[in-house]
Amino acid sequence: MLPLSDPWEDSLVPDQRLDDLNEVLGGVGAGELMLLDGNALEAFGVYRRDPSIDPLAVDEDQTIVPSGLAILQQYALAEIGESYRLETVARGEDDLTVVRLVPR
């Protein structure tokens, strides 16, 4: 579980949450399961295709109105994508997918 109380609010001041987030991400290992929605799967794919994208970079089109994924959620997916690919375990009709982390 990511150490984010409210991903959108925490993402307004990402530097204050990065140490805790990186500590948790450092403990993520092969075989672990994650529950992702369609937005998260799409973001994971974007960061895997172009690892040079910095999810923490300021985006002029960004809004604080919650939609999709918060910056720190995107950051976590980008970090996980550096070491792992996703293997689908189960997919629901509700846009949720359980995936297993598999080393790249």
# chains A, B, ... in the order shown; residues from 1 in each chain; ligands from 1

$ select_by_dssp --residues "region 8-102 of chain A" --states "strand (DSSP E or B)" --output "number ranges by chain"
A: 33-37, 84-91, 96-102

$ residues_around --residues "Asp94 (chain A)" --least-positions-apart "4" --cutoff "12 Å" --atoms "only C-alpha atoms" --output "tab-separated table (two decimals) with N, CA and C atoms, in the first residue's frame"
chain	number	residue	atom	x	y	z
A	35	LEU	N	-3.74	-4.00	-7.50
A	35	LEU	CA	-5.07	-3.78	-8.05
A	35	LEU	C	-5.03	-2.44	-8.77
A	36	LEU	N	-5.28	-2.45	-10.07
A	36	LEU	CA	-5.20	-1.25	-10.88
A	36	LEU	C	-6.50	-1.03	-11.64
A	37	ASP	N	-6.84	0.24	-11.86
A	37	ASP	CA	-7.97	0.55	-12.72
A	37	ASP	C	-7.43	0.88	-14.12
A	38	GLY	N	-8.33	1.20	-15.02
A	38	GLY	CA	-7.94	1.48	-16.40
A	38	GLY	C	-6.98	2.65	-16.52
A	90	ALA	N	-6.33	-11.35	-12.93
A	90	ALA	CA	-7.79	-11.36	-13.04
A	90	ALA	C	-8.26	-9.99	-13.50
A	98	VAL	N	-6.35	-7.17	-11.49
A	98	VAL	CA	-5.32	-7.61	-10.56
A	98	VAL	C	-4.15	-8.07	-11.41

$ atom_distance --atom1 "CA of Arg91 (chain A)" --atom2 "CA of Glu79 (chain A)"
23.1 Å

$ residues_around --residues "Arg48 (chain A)" --least-positions-apart "4" --cutoff "8 Å" --atoms "only C-alpha atoms" --output "PyMOL selection string"
chain A and resi 44+78+81-82

$ atom_distance --atom1 "CA of Ala57 (chain A)" --atom2 "CA of Leu72 (chain A)"
11.1 Å

$ residues_around --residues "Arg104 (chain A)" --least-positions-apart "3" --cutoff "10 Å" --atoms "only C-alpha atoms" --output "number ranges by chain"
A: 30, 81-86, 101

$ atom_distance --atom1 "CA of Val46 (chain A)" --atom2 "CA of Gln73 (chain A)"
13.4 Å

$ residues_around --residues "Glu87 (chain A)" --least-positions-apart "4" --cutoff "8 Å" --atoms "only C-alpha atoms" --output "MDAnalysis selection string"
chainID A and resid 99:102

$ write_last_selection --atoms "N, CA, C and O atoms" --output "mmCIF file, in the first residue's frame"
data_model
loop_
_atom_site.group_PDB
_atom_site.id
_atom_site.type_symbol
_atom_site.label_atom_id
_atom_site.label_comp_id
_atom_site.auth_asym_id
_atom_site.auth_seq_id
_atom_site.Cartn_x
_atom_site.Cartn_y
_atom_site.Cartn_z
ATOM 1 N N VAL A 99 -2.960 -7.523 -11.089
ATOM 2 C CA VAL A 99 -1.755 -7.874 -11.834
ATOM 3 C C VAL A 99 -0.687 -8.354 -10.860
ATOM 4 O O VAL A 99 -0.690 -8.023 -9.686
ATOM 5 N N ARG A 100 0.219 -9.159 -11.391
ATOM 6 C CA ARG A 100 1.379 -9.642 -10.637
ATOM 7 C C ARG A 100 2.609 -8.955 -11.217
ATOM 8 O O ARG A 100 2.731 -8.812 -12.439
ATOM 9 N N LEU A 101 3.528 -8.532 -10.342
ATOM 10 C CA LEU A 101 4.778 -7.920 -10.795
ATOM 11 C C LEU A 101 5.765 -9.005 -11.202
ATOM 12 O O LEU A 101 6.044 -9.926 -10.432
ATOM 13 N N VAL A 102 6.253 -8.891 -12.430
ATOM 14 C CA VAL A 102 7.190 -9.860 -12.977
ATOM 15 C C VAL A 102 8.454 -9.093 -13.393
ATOM 16 O O VAL A 102 8.351 -8.073 -14.089
#

$ select_by_dssp --residues "region 11-93 of chain A" --states "helix (DSSP H, G or I)" --output "ChimeraX atom specification"
/A:14-16,18-26,38-49,71-83

$ residues_around --residues "Asp6 (chain A)" --least-positions-apart "6" --cutoff "12 Å" --atoms "only C-alpha atoms" --output "compact mmCIF listing (two decimals) with all heavy atoms, in the first residue's frame"
# COMPACT_ATOMS: atom_id res chain seq x y z
N LEU A 12 0.06 17.78 -4.28
CA LEU A 12 0.24 19.23 -4.34
C LEU A 12 1.59 19.63 -3.74
O LEU A 12 2.14 20.67 -4.09
CB LEU A 12 -0.89 19.94 -3.58
CG LEU A 12 -2.28 19.81 -4.20
CD1 LEU A 12 -3.32 20.43 -3.29
CD2 LEU A 12 -2.33 20.45 -5.58
N VAL A 13 2.12 18.78 -2.86
CA VAL A 13 3.43 18.99 -2.24
C VAL A 13 4.21 17.68 -2.31
O VAL A 13 4.54 17.07 -1.29
CB VAL A 13 3.29 19.49 -0.79
CG1 VAL A 13 2.84 20.93 -0.75
CG2 VAL A 13 2.34 18.61 0.01
N PRO A 14 4.54 17.22 -3.52
CA PRO A 14 5.12 15.88 -3.68
C PRO A 14 6.43 15.69 -2.93
O PRO A 14 6.70 14.59 -2.44
CB PRO A 14 5.31 15.74 -5.19
CG PRO A 14 5.26 17.12 -5.73
CD PRO A 14 4.41 17.91 -4.80
N ARG A 17 6.35 13.95 0.39
CA ARG A 17 5.92 12.55 0.46
C ARG A 17 6.91 11.59 -0.21
O ARG A 17 6.80 10.38 -0.05
CB ARG A 17 4.55 12.38 -0.21
CG ARG A 17 3.45 13.27 0.34
CD ARG A 17 3.18 13.09 1.81
NE ARG A 17 2.90 11.70 2.11
CZ ARG A 17 3.14 11.14 3.29
NH1 ARG A 17 3.62 11.83 4.27
NH2 ARG A 17 2.87 9.88 3.48
N PRO A 66 -9.46 16.58 -9.34
CA PRO A 66 -9.13 15.16 -9.46
C PRO A 66 -9.76 14.48 -10.67
O PRO A 66 -10.96 14.55 -10.88
CB PRO A 66 -9.68 14.56 -8.16
CG PRO A 66 -9.75 15.69 -7.21
CD PRO A 66 -10.06 16.89 -8.05
N LEU A 69 -5.18 9.95 -12.55
CA LEU A 69 -4.26 9.62 -11.46
C LEU A 69 -3.55 10.87 -10.97
O LEU A 69 -3.21 11.75 -11.73
CB LEU A 69 -3.20 8.63 -11.94
CG LEU A 69 -3.67 7.26 -12.35
CD1 LEU A 69 -2.50 6.45 -12.88
CD2 LEU A 69 -4.31 6.54 -11.20
N ALA A 70 -3.28 10.90 -9.68
CA ALA A 70 -2.50 11.98 -9.09
C ALA A 70 -1.03 11.79 -9.46
O ALA A 70 -0.58 10.70 -9.81
CB ALA A 70 -2.68 11.98 -7.57
N ILE A 71 -0.27 12.87 -9.37
CA ILE A 71 1.14 12.86 -9.74
C ILE A 71 1.91 11.77 -9.00
O ILE A 71 2.71 11.05 -9.60
CB ILE A 71 1.77 14.24 -9.46
CG1 ILE A 71 1.20 15.27 -10.43
CG2 ILE A 71 3.28 14.20 -9.56
CD1 ILE A 71 1.57 16.70 -10.07
N LEU A 72 1.71 11.64 -7.70
CA LEU A 72 2.47 10.65 -6.94
C LEU A 72 2.06 9.22 -7.30
O LEU A 72 2.89 8.30 -7.23
CB LEU A 72 2.33 10.90 -5.44
CG LEU A 72 3.05 12.16 -4.95
CD1 LEU A 72 2.76 12.40 -3.47
CD2 LEU A 72 4.55 12.08 -5.19
N GLN A 73 0.84 9.01 -7.70
CA GLN A 73 0.43 7.68 -8.18
C GLN A 73 1.15 7.37 -9.49
O GLN A 73 1.63 6.26 -9.70
CB GLN A 73 -1.08 7.63 -8.38
CG GLN A 73 -1.86 7.66 -7.09
CD GLN A 73 -3.34 7.80 -7.33
OE1 GLN A 73 -3.78 8.71 -8.04
NE2 GLN A 73 -4.12 6.92 -6.74

$ closest_residue --among "A:Leu4, A:Leu33, A:Leu77, A:Leu21" --to "Thr97 (chain A)" --atoms "only C-alpha atoms"
A:Leu33
